[in-house]
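Q: Contents of structure_1.pdb (PDB, C-alpha atoms) are below:
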```pdb
ATOM      1  CA  MET A1187      -4.824 -28.178   1.943
ATOM      2  CA  ASP A1188      -2.590 -27.104  -0.931
ATOM      3  CA  VAL A1189      -2.553 -23.769  -2.685
ATOM      4  CA  VAL A1190      -5.689 -23.453  -4.820
ATOM      5  CA  PRO A1191      -4.644 -23.254  -8.497
ATOM      6  CA  THR A1192      -5.906 -20.501 -10.746
ATOM      7  CA  LYS A1193      -5.875 -20.281 -14.530
ATOM      8  CA  MET A1194      -2.423 -18.768 -14.331
ATOM      9  CA  GLN A1195      -1.392 -21.303 -11.689
ATOM     10  CA  GLU A1196      -1.459 -24.352 -13.931
ATOM     11  CA  ARG A1197       1.956 -25.356 -12.691
ATOM     12  CA  SER A1198       2.694 -25.691  -9.004
ATOM     13  CA  PRO A1199       4.386 -22.848  -7.123
ATOM     14  CA  GLU A1200       8.118 -23.232  -7.555
ATOM     15  CA  LEU A1201      10.443 -22.963  -4.601
ATOM     16  CA  SER A1202      12.910 -20.139  -4.985
ATOM     17  CA  VAL A1203      15.669 -20.559  -2.411
ATOM     18  CA  LEU A1204      16.183 -17.249  -0.665
ATOM     19  CA  SER A1205      18.940 -17.086   1.911
ATOM     20  CA  ASP A1206      18.286 -20.065   4.206
ATOM     21  CA  GLN A1207      14.535 -19.825   3.687
ATOM     22  CA  SER A1208      12.375 -21.190   0.861
ATOM     23  CA  ILE A1209       9.457 -19.019  -0.264
ATOM     24  CA  PRO A1210       7.282 -20.388  -3.073
ATOM     25  CA  THR A1211       7.007 -18.220  -6.182
ATOM     26  CA  LEU A1212       4.312 -18.039  -8.822
ATOM     27  CA  PRO A1213       4.634 -16.779 -12.415
ATOM     28  CA  LEU A1214       2.394 -13.787 -13.132
ATOM     29  CA  ASP A1215       2.162 -14.676 -16.817
ATOM     30  CA  PRO A1216       3.291 -17.531 -19.076
ATOM     31  CA  THR A1217       6.588 -15.788 -19.926
ATOM     32  CA  ASP A1218       7.443 -14.898 -16.300
ATOM     33  CA  GLU A1219      10.435 -17.053 -15.354
ATOM     34  CA  LYS A1220      11.113 -15.229 -12.087
ATOM     35  CA  GLY A1221       7.696 -15.304 -10.448
ATOM     36  CA  ILE A1222       6.306 -13.385  -7.491
ATOM     37  CA  PRO A1223       7.321 -14.650  -4.033
ATOM     38  CA  LEU A1224       4.077 -15.587  -2.267
ATOM     39  CA  LEU A1225       5.247 -14.020   1.004
ATOM     40  CA  GLY A1226       6.282 -10.380   0.847
ATOM     41  CA  PHE A1227       7.435  -7.686   3.250
ATOM     42  CA  GLY A1228       5.254  -4.571   3.588
ATOM     43  CA  THR A1229       6.734  -1.143   4.280
ATOM     44  CA  ALA A1230       3.644   0.909   5.169
ATOM     45  CA  GLU A1231       3.449   2.381   8.647
ATOM     46  CA  TYR A1232       0.923   4.961   9.803
ATOM     47  CA  PRO A1233       1.502   7.858  10.065
ATOM     48  CA  PHE A1234       3.305   7.511   6.749
ATOM     49  CA  GLY A1235       7.011   8.212   6.992
ATOM     50  CA  ALA A1236       7.033   7.689  10.773
ATOM     51  CA  SER A1237       9.843   5.122  10.585
ATOM     52  CA  ILE A1238      11.746   6.610   7.674
ATOM     53  CA  ASP A1239      14.948   6.949   9.747
ATOM     54  CA  THR A1240      15.003   3.241  10.612
ATOM     55  CA  MET A1241      13.253   1.774   7.561
ATOM     56  CA  LYS A1242      16.462   1.176   5.588
ATOM     57  CA  ASP A1243      17.986  -0.894   8.400
ATOM     58  CA  THR A1244      14.691  -2.789   8.847
ATOM     59  CA  ILE A1245      14.635  -3.734   5.154
ATOM     60  CA  ILE A1246      18.281  -4.833   5.225
ATOM     61  CA  GLN A1247      17.447  -7.044   8.215
ATOM     62  CA  ALA A1248      14.496  -8.483   6.284
ATOM     63  CA  ILE A1249      16.776  -9.307   3.359
ATOM     64  CA  ARG A1250      19.234 -10.967   5.762
ATOM     65  CA  VAL A1251      16.561 -13.319   7.147
ATOM     66  CA  GLY A1252      15.244 -14.275   3.709
ATOM     67  CA  TYR A1253      12.664 -11.826   2.311
ATOM     68  CA  ARG A1254      12.991 -10.945  -1.363
ATOM     69  CA  HIS A1255       9.584  -9.416  -2.148
ATOM     70  CA  PHE A1256       9.099  -5.826  -0.922
ATOM     71  CA  ASP A1257       5.914  -3.799  -1.172
ATOM     72  CA  THR A1258       6.019  -0.001  -1.129
ATOM     73  CA  ALA A1259       3.999   2.928  -2.534
ATOM     74  CA  ALA A1260       4.466   6.590  -3.314
ATOM     75  CA  LEU A1261       2.051   7.331  -0.458
ATOM     76  CA  TYR A1262       4.085   5.408   2.149
ATOM     77  CA  ARG A1263       7.239   7.569   1.779
ATOM     78  CA  THR A1264       9.319   4.386   1.945
ATOM     79  CA  GLU A1265      10.482   4.205  -1.670
ATOM     80  CA  GLN A1266      13.697   6.103  -0.941
ATOM     81  CA  PRO A1267      14.799   4.026   2.087
ATOM     82  CA  LEU A1268      13.914   0.845   0.184
ATOM     83  CA  GLY A1269      16.122   1.989  -2.693
ATOM     84  CA  GLU A1270      18.947   2.788  -0.278
ATOM     85  CA  ALA A1271      18.553  -0.629   1.348
ATOM     86  CA  ILE A1272      18.872  -2.334  -2.037
ATOM     87  CA  VAL A1273      22.095  -0.432  -2.740
ATOM     88  CA  ASP A1274      23.485  -1.462   0.650
ATOM     89  CA  ALA A1275      22.353  -5.082   0.263
ATOM     90  CA  LEU A1276      24.274  -5.283  -3.013
ATOM     91  CA  ARG A1277      27.346  -3.675  -1.450
ATOM     92  CA  LEU A1278      27.230  -6.064   1.521
ATOM     93  CA  GLY A1279      26.814  -9.098  -0.736
ATOM     94  CA  LEU A1280      23.402 -10.024   0.720
ATOM     95  CA  ILE A1281      22.130 -10.288  -2.857
ATOM     96  CA  ARG A1282      24.083 -10.715  -6.067
ATOM     97  CA  SER A1283      21.865  -8.505  -8.228
ATOM     98  CA  ARG A1284      18.706  -6.422  -8.107
ATOM     99  CA  ASP A1285      17.032  -9.180 -10.154
ATOM    100  CA  GLU A1286      16.917 -11.356  -7.024
ATOM    101  CA  LEU A1287      14.341  -8.963  -5.567
ATOM    102  CA  PHE A1288      10.675  -8.489  -6.423
ATOM    103  CA  ILE A1289       9.695  -4.836  -5.937
ATOM    104  CA  THR A1290       6.101  -3.558  -5.957
ATOM    105  CA  SER A1291       4.994   0.059  -5.777
ATOM    106  CA  LYS A1292       1.720   1.894  -6.333
ATOM    107  CA  LEU A1293       0.211   4.862  -8.140
ATOM    108  CA  TRP A1294      -1.403   7.325  -5.730
ATOM    109  CA  CYS A1295      -4.814   8.892  -6.384
ATOM    110  CA  SER A1296      -3.387  12.353  -7.123
ATOM    111  CA  ASP A1297      -1.596  10.809 -10.114
ATOM    112  CA  ALA A1298      -4.493   8.590 -11.215
ATOM    113  CA  HIS A1299      -5.010  10.653 -14.376
ATOM    114  CA  ARG A1300      -4.110   9.480 -17.884
ATOM    115  CA  ASP A1301      -1.264  11.952 -18.427
ATOM    116  CA  ARG A1302       0.263  11.619 -14.946
ATOM    117  CA  VAL A1303       0.749   7.848 -14.697
ATOM    118  CA  VAL A1304       4.026   7.428 -16.612
ATOM    119  CA  PRO A1305       5.671  10.475 -14.939
ATOM    120  CA  ALA A1306       4.549   9.149 -11.524
ATOM    121  CA  LEU A1307       6.224   5.794 -12.158
ATOM    122  CA  GLN A1308       9.361   7.537 -13.391
ATOM    123  CA  ARG A1309       9.499   9.473 -10.095
ATOM    124  CA  THR A1310       9.025   6.234  -8.168
ATOM    125  CA  LEU A1311      11.929   4.642 -10.040
ATOM    126  CA  ARG A1312      14.166   7.617  -9.280
ATOM    127  CA  SER A1313      13.274   7.352  -5.575
ATOM    128  CA  LEU A1314      14.045   3.638  -5.614
ATOM    129  CA  LYS A1315      17.196   4.078  -7.735
ATOM    130  CA  LEU A1316      15.862   1.329 -10.016
ATOM    131  CA  GLU A1317      15.463   0.936 -13.760
ATOM    132  CA  TYR A1318      12.226  -1.053 -13.476
ATOM    133  CA  LEU A1319       9.616  -2.364 -11.051
ATOM    134  CA  ASP A1320       8.429  -5.949 -10.953
ATOM    135  CA  LEU A1321       4.856  -4.838 -10.272
ATOM    136  CA  TYR A1322       3.072  -1.463 -10.400
ATOM    137  CA  LEU A1323      -0.432  -1.131  -8.961
ATOM    138  CA  VAL A1324      -3.238   1.433  -9.131
ATOM    139  CA  HIS A1325      -3.512   2.028  -5.372
ATOM    140  CA  TRP A1326      -7.266   2.810  -5.257
ATOM    141  CA  PRO A1327     -10.097   3.061  -7.782
ATOM    142  CA  ALA A1328     -10.214   6.780  -7.012
ATOM    143  CA  SER A1329      -8.737  10.071  -8.206
ATOM    144  CA  VAL A1330      -8.089  13.333  -6.429
ATOM    145  CA  LYS A1331      -6.884  16.620  -7.855
ATOM    146  CA  PRO A1332      -3.122  16.603  -8.506
ATOM    147  CA  GLY A1333      -1.182  17.761  -5.475
ATOM    148  CA  GLU A1334      -0.291  16.312  -2.113
ATOM    149  CA  MET A1335      -0.086  12.597  -1.406
ATOM    150  CA  GLU A1336      -2.083  12.085   1.753
ATOM    151  CA  LEU A1337      -4.545   9.752   3.413
ATOM    152  CA  PRO A1338      -7.168  10.668   4.424
ATOM    153  CA  VAL A1339      -7.653  12.588   1.191
ATOM    154  CA  LYS A1340      -9.433  15.940   1.168
ATOM    155  CA  LYS A1341     -13.002  15.186   0.199
ATOM    156  CA  GLU A1342     -13.267  18.430  -1.749
ATOM    157  CA  ASP A1343     -10.420  17.166  -3.965
ATOM    158  CA  LEU A1344     -12.193  13.961  -4.986
ATOM    159  CA  VAL A1345     -12.858  13.757  -8.743
ATOM    160  CA  PRO A1346     -14.214  10.949 -10.942
ATOM    161  CA  ILE A1347     -11.630   8.404 -12.051
ATOM    162  CA  ASP A1348     -11.529   7.256 -15.668
ATOM    163  CA  LEU A1349     -10.519   3.658 -14.961
ATOM    164  CA  ASN A1350     -10.045   2.720 -18.607
ATOM    165  CA  SER A1351      -7.770   5.634 -19.513
ATOM    166  CA  VAL A1352      -5.720   5.208 -16.318
ATOM    167  CA  TRP A1353      -5.340   1.525 -17.149
ATOM    168  CA  GLU A1354      -4.289   2.421 -20.694
ATOM    169  CA  ALA A1355      -1.482   4.495 -19.163
ATOM    170  CA  MET A1356      -0.536   1.577 -16.907
ATOM    171  CA  GLU A1357      -0.261  -0.589 -20.030
ATOM    172  CA  GLU A1358       2.012   2.080 -21.500
ATOM    173  CA  CYS A1359       4.239   1.791 -18.410
ATOM    174  CA  GLN A1360       4.645  -1.916 -19.056
ATOM    175  CA  GLY A1361       5.215  -1.343 -22.773
ATOM    176  CA  LEU A1362       8.011   1.122 -21.967
ATOM    177  CA  GLY A1363       9.737  -1.457 -19.773
ATOM    178  CA  LEU A1364       9.271   0.617 -16.622
ATOM    179  CA  THR A1365       7.504  -2.303 -14.919
ATOM    180  CA  LYS A1366       7.361  -6.028 -15.630
ATOM    181  CA  SER A1367       3.720  -6.409 -14.569
ATOM    182  CA  ILE A1368       0.753  -4.183 -13.736
ATOM    183  CA  GLY A1369      -2.204  -4.580 -11.429
ATOM    184  CA  VAL A1370      -4.622  -2.878  -9.070
ATOM    185  CA  SER A1371      -5.400  -2.584  -5.381
ATOM    186  CA  ASN A1372      -8.701  -2.307  -3.498
ATOM    187  CA  PHE A1373     -10.780  -3.071  -6.603
ATOM    188  CA  SER A1374     -14.186  -4.772  -6.466
ATOM    189  CA  CYS A1375     -15.329  -7.387  -8.979
ATOM    190  CA  LYS A1376     -17.350  -4.755 -10.838
ATOM    191  CA  LYS A1377     -14.431  -2.337 -11.130
ATOM    192  CA  LEU A1378     -12.193  -5.153 -12.330
ATOM    193  CA  GLU A1379     -14.824  -5.928 -14.975
ATOM    194  CA  THR A1380     -14.670  -2.286 -16.103
ATOM    195  CA  ILE A1381     -10.925  -2.565 -16.681
ATOM    196  CA  LEU A1382     -11.142  -6.005 -18.276
ATOM    197  CA  SER A1383     -13.736  -4.718 -20.765
ATOM    198  CA  THR A1384     -11.096  -2.654 -22.613
ATOM    199  CA  ALA A1385      -7.743  -3.922 -21.313
ATOM    200  CA  LYS A1386      -5.100  -5.087 -23.763
ATOM    201  CA  ILE A1387      -3.100  -6.341 -20.765
ATOM    202  CA  PRO A1388      -5.300  -7.650 -17.920
ATOM    203  CA  PRO A1389      -4.326  -6.906 -14.317
ATOM    204  CA  SER A1390      -1.897  -9.487 -12.939
ATOM    205  CA  VAL A1391      -2.714  -8.745  -9.296
ATOM    206  CA  ASN A1392      -5.440  -7.253  -7.114
ATOM    207  CA  GLN A1393      -4.039  -6.305  -3.692
ATOM    208  CA  VAL A1394      -6.759  -6.175  -1.044
ATOM    209  CA  GLU A1395      -7.458  -6.434   2.665
ATOM    210  CA  MET A1396      -7.933 -10.063   3.704
ATOM    211  CA  ASN A1397      -7.646 -12.085   6.893
ATOM    212  CA  PRO A1398      -9.645 -14.795   8.696
ATOM    213  CA  MET A1399     -12.198 -12.166   9.779
ATOM    214  CA  TRP A1400     -12.556 -10.740   6.244
ATOM    215  CA  GLN A1401     -12.100 -13.631   3.881
ATOM    216  CA  GLN A1402     -13.136 -12.039   0.563
ATOM    217  CA  LYS A1403     -14.547 -15.287  -0.854
ATOM    218  CA  LYS A1404     -16.558 -13.687  -3.677
ATOM    219  CA  LEU A1405     -13.659 -11.514  -4.820
ATOM    220  CA  ARG A1406     -11.168 -14.385  -4.621
ATOM    221  CA  ASN A1407     -13.418 -16.618  -6.713
ATOM    222  CA  PHE A1408     -13.830 -13.872  -9.323
ATOM    223  CA  CYS A1409     -10.089 -13.222  -9.502
ATOM    224  CA  ARG A1410      -9.361 -16.939  -9.761
ATOM    225  CA  GLU A1411     -11.725 -17.221 -12.743
ATOM    226  CA  LYS A1412     -10.044 -14.254 -14.433
ATOM    227  CA  GLY A1413      -6.476 -15.395 -13.746
ATOM    228  CA  ILE A1414      -5.768 -12.489 -11.381
ATOM    229  CA  LEU A1415      -3.607 -13.225  -8.340
ATOM    230  CA  VAL A1416      -4.956 -11.834  -5.065
ATOM    231  CA  SER A1417      -2.296 -10.192  -2.907
ATOM    232  CA  VAL A1418      -3.190  -9.623   0.727
ATOM    233  CA  TYR A1419      -2.516  -6.770   3.128
ATOM    234  CA  SER A1420      -3.507  -6.692   6.804
ATOM    235  CA  PRO A1421      -3.446 -10.507   7.179
ATOM    236  CA  LEU A1422      -3.472 -10.033  10.977
ATOM    237  CA  GLY A1423      -6.131  -7.307  11.093
ATOM    238  CA  ALA A1424      -3.783  -4.297  11.088
ATOM    239  CA  LYS A1425      -3.697  -3.725  14.843
ATOM    240  CA  GLY A1426      -1.957  -0.432  15.576
ATOM    241  CA  THR A1427      -3.034   1.355  12.413
ATOM    242  CA  LEU A1428      -5.504   4.227  12.244
ATOM    243  CA  TRP A1429      -8.247   1.826  11.167
ATOM    244  CA  GLY A1430      -7.105  -1.641  12.295
ATOM    245  CA  SER A1431      -8.613  -3.706  15.110
ATOM    246  CA  ASN A1432      -7.820  -6.535  17.538
ATOM    247  CA  ARG A1433     -10.557  -8.809  16.170
ATOM    248  CA  VAL A1434      -8.133 -11.215  14.506
ATOM    249  CA  ILE A1435      -5.484 -11.479  17.227
ATOM    250  CA  GLU A1436      -8.128 -11.788  19.955
ATOM    251  CA  SER A1437     -10.109 -14.547  18.220
ATOM    252  CA  GLU A1438     -10.510 -17.495  20.594
ATOM    253  CA  THR A1439     -10.855 -19.879  17.643
ATOM    254  CA  LEU A1440      -7.536 -18.769  16.185
ATOM    255  CA  LYS A1441      -5.875 -18.894  19.608
ATOM    256  CA  GLU A1442      -7.064 -22.494  20.079
ATOM    257  CA  ILE A1443      -5.746 -23.550  16.659
ATOM    258  CA  ALA A1444      -2.406 -21.856  17.324
ATOM    259  CA  HIS A1445      -2.073 -23.595  20.686
ATOM    260  CA  ALA A1446      -2.917 -26.993  19.195
ATOM    261  CA  LYS A1447      -0.399 -26.497  16.404
ATOM    262  CA  GLY A1448       2.370 -25.136  18.616
ATOM    263  CA  LYS A1449       2.472 -22.065  16.379
ATOM    264  CA  SER A1450       1.850 -18.377  16.938
ATOM    265  CA  LEU A1451      -1.530 -16.928  16.055
ATOM    266  CA  ALA A1452       0.189 -14.848  13.374
ATOM    267  CA  GLN A1453       1.649 -17.986  11.790
ATOM    268  CA  VAL A1454      -1.806 -19.591  11.703
ATOM    269  CA  CYS A1455      -3.271 -16.528   9.960
ATOM    270  CA  LEU A1456      -0.453 -16.399   7.421
ATOM    271  CA  ARG A1457      -0.617 -20.135   6.725
ATOM    272  CA  TRP A1458      -4.394 -19.908   6.301
ATOM    273  CA  ALA A1459      -3.999 -17.099   3.759
ATOM    274  CA  TYR A1460      -1.266 -18.995   1.895
ATOM    275  CA  GLU A1461      -3.516 -22.061   1.681
ATOM    276  CA  GLN A1462      -6.168 -19.909  -0.010
ATOM    277  CA  GLY A1463      -3.821 -19.452  -2.982
ATOM    278  CA  VAL A1464      -2.963 -15.793  -2.390
ATOM    279  CA  CYS A1465       0.222 -13.778  -1.976
ATOM    280  CA  VAL A1466       0.605 -12.550   1.616
ATOM    281  CA  LEU A1467       2.255  -9.305   2.729
ATOM    282  CA  VAL A1468       3.583  -9.230   6.275
ATOM    283  CA  LYS A1469       5.174  -6.468   8.297
ATOM    284  CA  SER A1470       7.250  -6.647  11.434
ATOM    285  CA  PHE A1471      10.228  -4.585  12.512
ATOM    286  CA  ASN A1472      11.252  -7.277  15.023
ATOM    287  CA  LYS A1473      13.864  -9.808  13.796
ATOM    288  CA  GLU A1474      12.384 -12.761  15.694
ATOM    289  CA  ARG A1475       8.890 -12.118  14.318
ATOM    290  CA  MET A1476      10.316 -11.583  10.821
ATOM    291  CA  GLU A1477      11.739 -15.097  11.043
ATOM    292  CA  GLN A1478       8.556 -16.560  12.556
ATOM    293  CA  ASN A1479       6.496 -15.106   9.723
ATOM    294  CA  LEU A1480       8.670 -16.998   7.231
ATOM    295  CA  ASP A1481       8.048 -20.299   9.024
ATOM    296  CA  ILE A1482       4.701 -21.180   7.418
ATOM    297  CA  PHE A1483       5.595 -23.444   4.499
ATOM    298  CA  ASP A1484       6.441 -26.848   5.998
ATOM    299  CA  TRP A1485       3.186 -27.548   7.851
ATOM    300  CA  LYS A1486      -0.537 -27.446   7.086
ATOM    301  CA  LEU A1487      -3.858 -26.683   8.715
ATOM    302  CA  SER A1488      -6.225 -29.633   9.044
ATOM    303  CA  ALA A1489      -9.594 -29.804   7.300
ATOM    304  CA  ASP A1490     -11.300 -29.298  10.686
ATOM    305  CA  GLU A1491      -9.167 -26.229  11.445
ATOM    306  CA  LEU A1492      -9.897 -24.761   8.014
ATOM    307  CA  HIS A1493     -13.612 -25.361   8.567
ATOM    308  CA  LYS A1494     -13.517 -23.563  11.933
ATOM    309  CA  ILE A1495     -11.797 -20.567  10.321
ATOM    310  CA  SER A1496     -14.356 -20.540   7.489
ATOM    311  CA  GLN A1497     -17.124 -20.083  10.106
ATOM    312  CA  LEU A1498     -15.629 -16.980  11.748
ATOM    313  CA  PRO A1499     -17.837 -13.855  11.701
ATOM    314  CA  GLN A1500     -16.895 -11.465   8.888
ATOM    315  CA  CYS A1501     -16.299  -7.726   9.141
ATOM    316  CA  LYS A1502     -14.306  -5.451   6.852
ATOM    317  CA  GLY A1503     -11.589  -3.616   8.754
ATOM    318  CA  PHE A1504     -10.939  -0.697   6.410
ATOM    319  CA  PRO A1505     -14.129   0.600   4.743
ATOM    320  CA  ALA A1506     -12.214   3.625   3.365
ATOM    321  CA  GLY A1507     -14.930   6.151   4.060
ATOM    322  CA  GLU A1508     -12.354   8.820   3.174
ATOM    323  CA  PHE A1509     -13.270   8.244  -0.476
ATOM    324  CA  VAL A1510     -16.997   8.741   0.111
ATOM    325  CA  SER A1511     -18.622  12.165  -0.126
ATOM    326  CA  LYS A1512     -22.098  13.437  -0.946
ATOM    327  CA  ASP A1513     -20.469  15.739  -3.495
ATOM    328  CA  GLY A1514     -17.933  13.212  -4.781
ATOM    329  CA  PRO A1515     -18.004  10.378  -7.327
ATOM    330  CA  TYR A1516     -18.729   7.777  -4.601
ATOM    331  CA  LYS A1517     -21.669   8.874  -2.489
ATOM    332  CA  SER A1518     -21.781   5.755  -0.308
ATOM    333  CA  LEU A1519     -19.622   2.834   0.763
ATOM    334  CA  GLU A1520     -21.933   0.638  -1.342
ATOM    335  CA  GLU A1521     -20.879   2.581  -4.428
ATOM    336  CA  LEU A1522     -17.188   2.473  -3.540
ATOM    337  CA  TRP A1523     -17.170  -1.290  -2.934
ATOM    338  CA  ASP A1524     -20.077  -2.214  -5.242
ATOM    339  CA  GLY A1525     -21.796  -4.037  -2.394
ATOM    340  CA  GLU A1526     -18.698  -6.048  -1.401
ATOM    341  CA  ILE A1527     -18.710  -4.803   2.188
TER     342      ILE A1527
END
```
Show how you would write the structure in this file as structure tokens.
A:
Amino acid sequence: MDVVPTKMQERSPELSVLSDQSIPTLPLDPTDEKGIPLLGFGTAEYPFGASIDTMKDTIIQAIRVGYRHFDTAALYRTEQPLGEAIVDALRLGLIRSRDELFITSKLWCSDAHRDRVVPALQRTLRSLKLEYLDLYLVHWPASVKPGEMELPVKKEDLVPIDLNSVWEAMEECQGLGLTKSIGVSNFSCKKLETILSTAKIPPSVNQVEMNPMWQQKKLRNFCREKGILVSVYSPLGAKGTLWGSNRVIESETLKEIAHAKGKSLAQVCLRWAYEQGVCVLVKSFNKERMEQNLDIFDWKLSADELHKISQLPQCKGFPAGEFVSKDGPYKSLEELWDGEI
């Protein structure tokens, strides 16, 4: 099964040769000649900042094996080591220019206020030692009082988010040249509709949790219709995080498919996600697994294997109850996710 085209995917993903690996890229808009690599390297590790001393070396290793798309966020405390890794990669000749990389970062909830968005991105750029981002995302459809960046957030600090005014400020970021593209993360169909109702620049990307045990079919169909690329975190179920589980890696169905294919279970999950027409974010600090995760583009899952995966029981891994409070703007998970849970 090939990548499912969207309105913005009228031409096939182009192969951008990165090191000795080939990762397909996809333009985020008609004028985007560079495109977003459809396999990216995530830098989040809980507790946030836990690997800050080794993160720079990890990212340099990822660049060496072929990754060019890196995903960070103000919350993760990995912007600075990512910026240092880029400087070193240039010095070592691993890349010829910063333009060979695709860098994504995110606006945290404490800065999700109209007047704080541009300054927040400017701080992010200083941390990264960059003049621009390729993609800047609203991390959650939620605001907290300005202050610390932390997750879980303090429920007493939760305040209503004005999605339209925050998005207006995101559009300003793009207009100022601080980011090439803008998007969102963890947004439901309804919240995307709210933004689209007034947006001058529609979101390019919606980054969400997705894996074979949480397939997000309704959201993916909606985004496809609106020309929004879905970007995926936790494609293996986020084992080892505060909220992740073993459901994906312990699935007998996925184990059987992996065995039949002569691939790892992780490779099967990543290939499945890629075949759904999404951008996949992976994370491993092990060189061998970094390389294995890149090896998903020259083979396919069969129709029978795809059918078996489509029948897996569904369960959201990260409900994000931290954003729900009887005194806050979201009083239930139903309100936070608009029933998409």
Q: So how many Å separate CA of Glu1520 in chain A and CA of Asp1297 in chain A, to one decimal?
A: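 Going from CA of Glu1520 in chain A over to CA of Asp1297 in chain A, I get 24.4 Å.
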Q: Compile a residue-level contact table for range 1314-1372 of chain A against range 1265-1278 of chain A at a cut-off of 9 Å, reporting for every qualifying residue the shortest atom pair and its distance in Å to one decimal, with all atoms listed in the file counted, rows ordered by chain and ascending number, as JSON lines.
A:
```
{"residue": "A:Leu1314", "atom": "CA", "partner": "A:Gly1269", "partner_atom": "CA", "distance": 3.9}
{"residue": "A:Lys1315", "atom": "CA", "partner": "A:Gly1269", "partner_atom": "CA", "distance": 5.6}
{"residue": "A:Leu1316", "atom": "CA", "partner": "A:Gly1269", "partner_atom": "CA", "distance": 7.4}
```
Q: I need the residue nearest Pro1389 in chain A from this list: A:Pro1332, A:Gly1525, A:Gly1413, A:Gly1507. Use only C-alpha atoms for the distance.
A: A:Gly1413
Q: Residues near Ala1328 in chain A, anyone? I mean within 8 Å using all atoms listed in the file, not counting same-chain ones fewer than 3 positions away, as JSON, numbers by chain.
A: {"A": [1295, 1298, 1344, 1345, 1346, 1347, 1509]}
Q: I'd like the interatomic distance between CA of Glu1461 in chain A and CA of Phe1483 in chain A, to a tenth of an Å.
A: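 We find that CA of Glu1461 in chain A and CA of Phe1483 in chain A lie 9.6 Å from each other.
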Q: What is the CA of Val1370 in chain A-CA of Trp1326 in chain A distance in Å, reported with one decimal?
A: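 So the answer is 7.3 Å.
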Q: With the PyMOL selection byres ((chain A and resi 1227) around 8) as the selection, what would be picked from this file? Answer as number ranges by chain, please.
A: A: 1225-1226, 1228-1229, 1248, 1253-1257, 1467-1469
Q: Residues as selected, C-alpha atoms, written as an mmCIF file, in the coordinates of the input, can you do that?
A:
```cif
data_model
loop_
_atom_site.group_PDB
_atom_site.id
_atom_site.type_symbol
_atom_site.label_atom_id
_atom_site.label_comp_id
_atom_site.auth_asym_id
_atom_site.auth_seq_id
_atom_site.Cartn_x
_atom_site.Cartn_y
_atom_site.Cartn_z
ATOM 1 C CA LEU A 1225 5.247 -14.020 1.004
ATOM 2 C CA GLY A 1226 6.282 -10.380 0.847
ATOM 3 C CA GLY A 1228 5.254 -4.571 3.588
ATOM 4 C CA THR A 1229 6.734 -1.143 4.280
ATOM 5 C CA ALA A 1248 14.496 -8.483 6.284
ATOM 6 C CA TYR A 1253 12.664 -11.826 2.311
ATOM 7 C CA ARG A 1254 12.991 -10.945 -1.363
ATOM 8 C CA HIS A 1255 9.584 -9.416 -2.148
ATOM 9 C CA PHE A 1256 9.099 -5.826 -0.922
ATOM 10 C CA ASP A 1257 5.914 -3.799 -1.172
ATOM 11 C CA LEU A 1467 2.255 -9.305 2.729
ATOM 12 C CA VAL A 1468 3.583 -9.230 6.275
ATOM 13 C CA LYS A 1469 5.174 -6.468 8.297
#
```
Q: I want to know what sits within 9 Å of Ile1482 in chain A, based on all atoms listed in the file, with residues of the same chain fewer than 5 positions away left out; could you give that as a ChimeraX atom specification?
A: /A:1453-1454,1456-1457,1460
Q: For this structure, which residues satisfy the selection - the PyMOL selection byres ((chain A and resi 1485-1487) around 9) - when it is evaluated on the file as given? I want them as a PDB file with C-alpha atoms, keeping the file's coordinate frame.
A:
```pdb
ATOM      1  CA  MET A1187      -4.824 -28.178   1.943  1.00  0.00           C
ATOM      2  CA  ASP A1188      -2.590 -27.104  -0.931  1.00  0.00           C
ATOM      3  CA  ILE A1443      -5.746 -23.550  16.659  1.00  0.00           C
ATOM      4  CA  LYS A1447      -0.399 -26.497  16.404  1.00  0.00           C
ATOM      5  CA  VAL A1454      -1.806 -19.591  11.703  1.00  0.00           C
ATOM      6  CA  ARG A1457      -0.617 -20.135   6.725  1.00  0.00           C
ATOM      7  CA  TRP A1458      -4.394 -19.908   6.301  1.00  0.00           C
ATOM      8  CA  GLU A1461      -3.516 -22.061   1.681  1.00  0.00           C
ATOM      9  CA  ASP A1481       8.048 -20.299   9.024  1.00  0.00           C
ATOM     10  CA  ILE A1482       4.701 -21.180   7.418  1.00  0.00           C
ATOM     11  CA  PHE A1483       5.595 -23.444   4.499  1.00  0.00           C
ATOM     12  CA  ASP A1484       6.441 -26.848   5.998  1.00  0.00           C
ATOM     13  CA  SER A1488      -6.225 -29.633   9.044  1.00  0.00           C
ATOM     14  CA  ALA A1489      -9.594 -29.804   7.300  1.00  0.00           C
ATOM     15  CA  ASP A1490     -11.300 -29.298  10.686  1.00  0.00           C
ATOM     16  CA  GLU A1491      -9.167 -26.229  11.445  1.00  0.00           C
ATOM     17  CA  LEU A1492      -9.897 -24.761   8.014  1.00  0.00           C
TER      18      LEU A1492
END
```
Q: Counting all atoms listed in the file, figure out which residue out of A:Gln1402, A:Gln1393, A:Gly1333, A:Thr1217 gets nearest to Ile1414 in chain A.
A: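 Between A:Gln1402, A:Gln1393, A:Gly1333, A:Thr1217, the residue approaching Ile1414 in chain A most closely is A:Gln1393.
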Q: Evaluate the PyMOL selection byres ((chain A and resi 1220-1224) around 7) here and jot the selected residues down as a ChimeraX atom specification.
A: /A:1209-1214,1218-1219,1225-1226,1255,1288,1465-1466
Q: Measuring atom to atom with all atoms listed in the file, identify which of A:Thr1244, A:Tyr1419, A:Ile1435, A:Trp1523 is nearest to Leu1378 in chain A.
A: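 Among the listed residues, the smallest separation from Leu1378 in chain A belongs to A:Trp1523.
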Q: Please enclose the listed atoms of range 1367-1376 of chain A in an axis-aligned box, pad each side by 4 Å, and write out the centre and the three edge lengths in Å, rounded to one decimal, as JSON.
A:
```
{"center_x": -6.8, "center_y": -4.8, "center_z": -9.0, "size_x": 29.1, "size_y": 13.1, "size_z": 19.1}
```
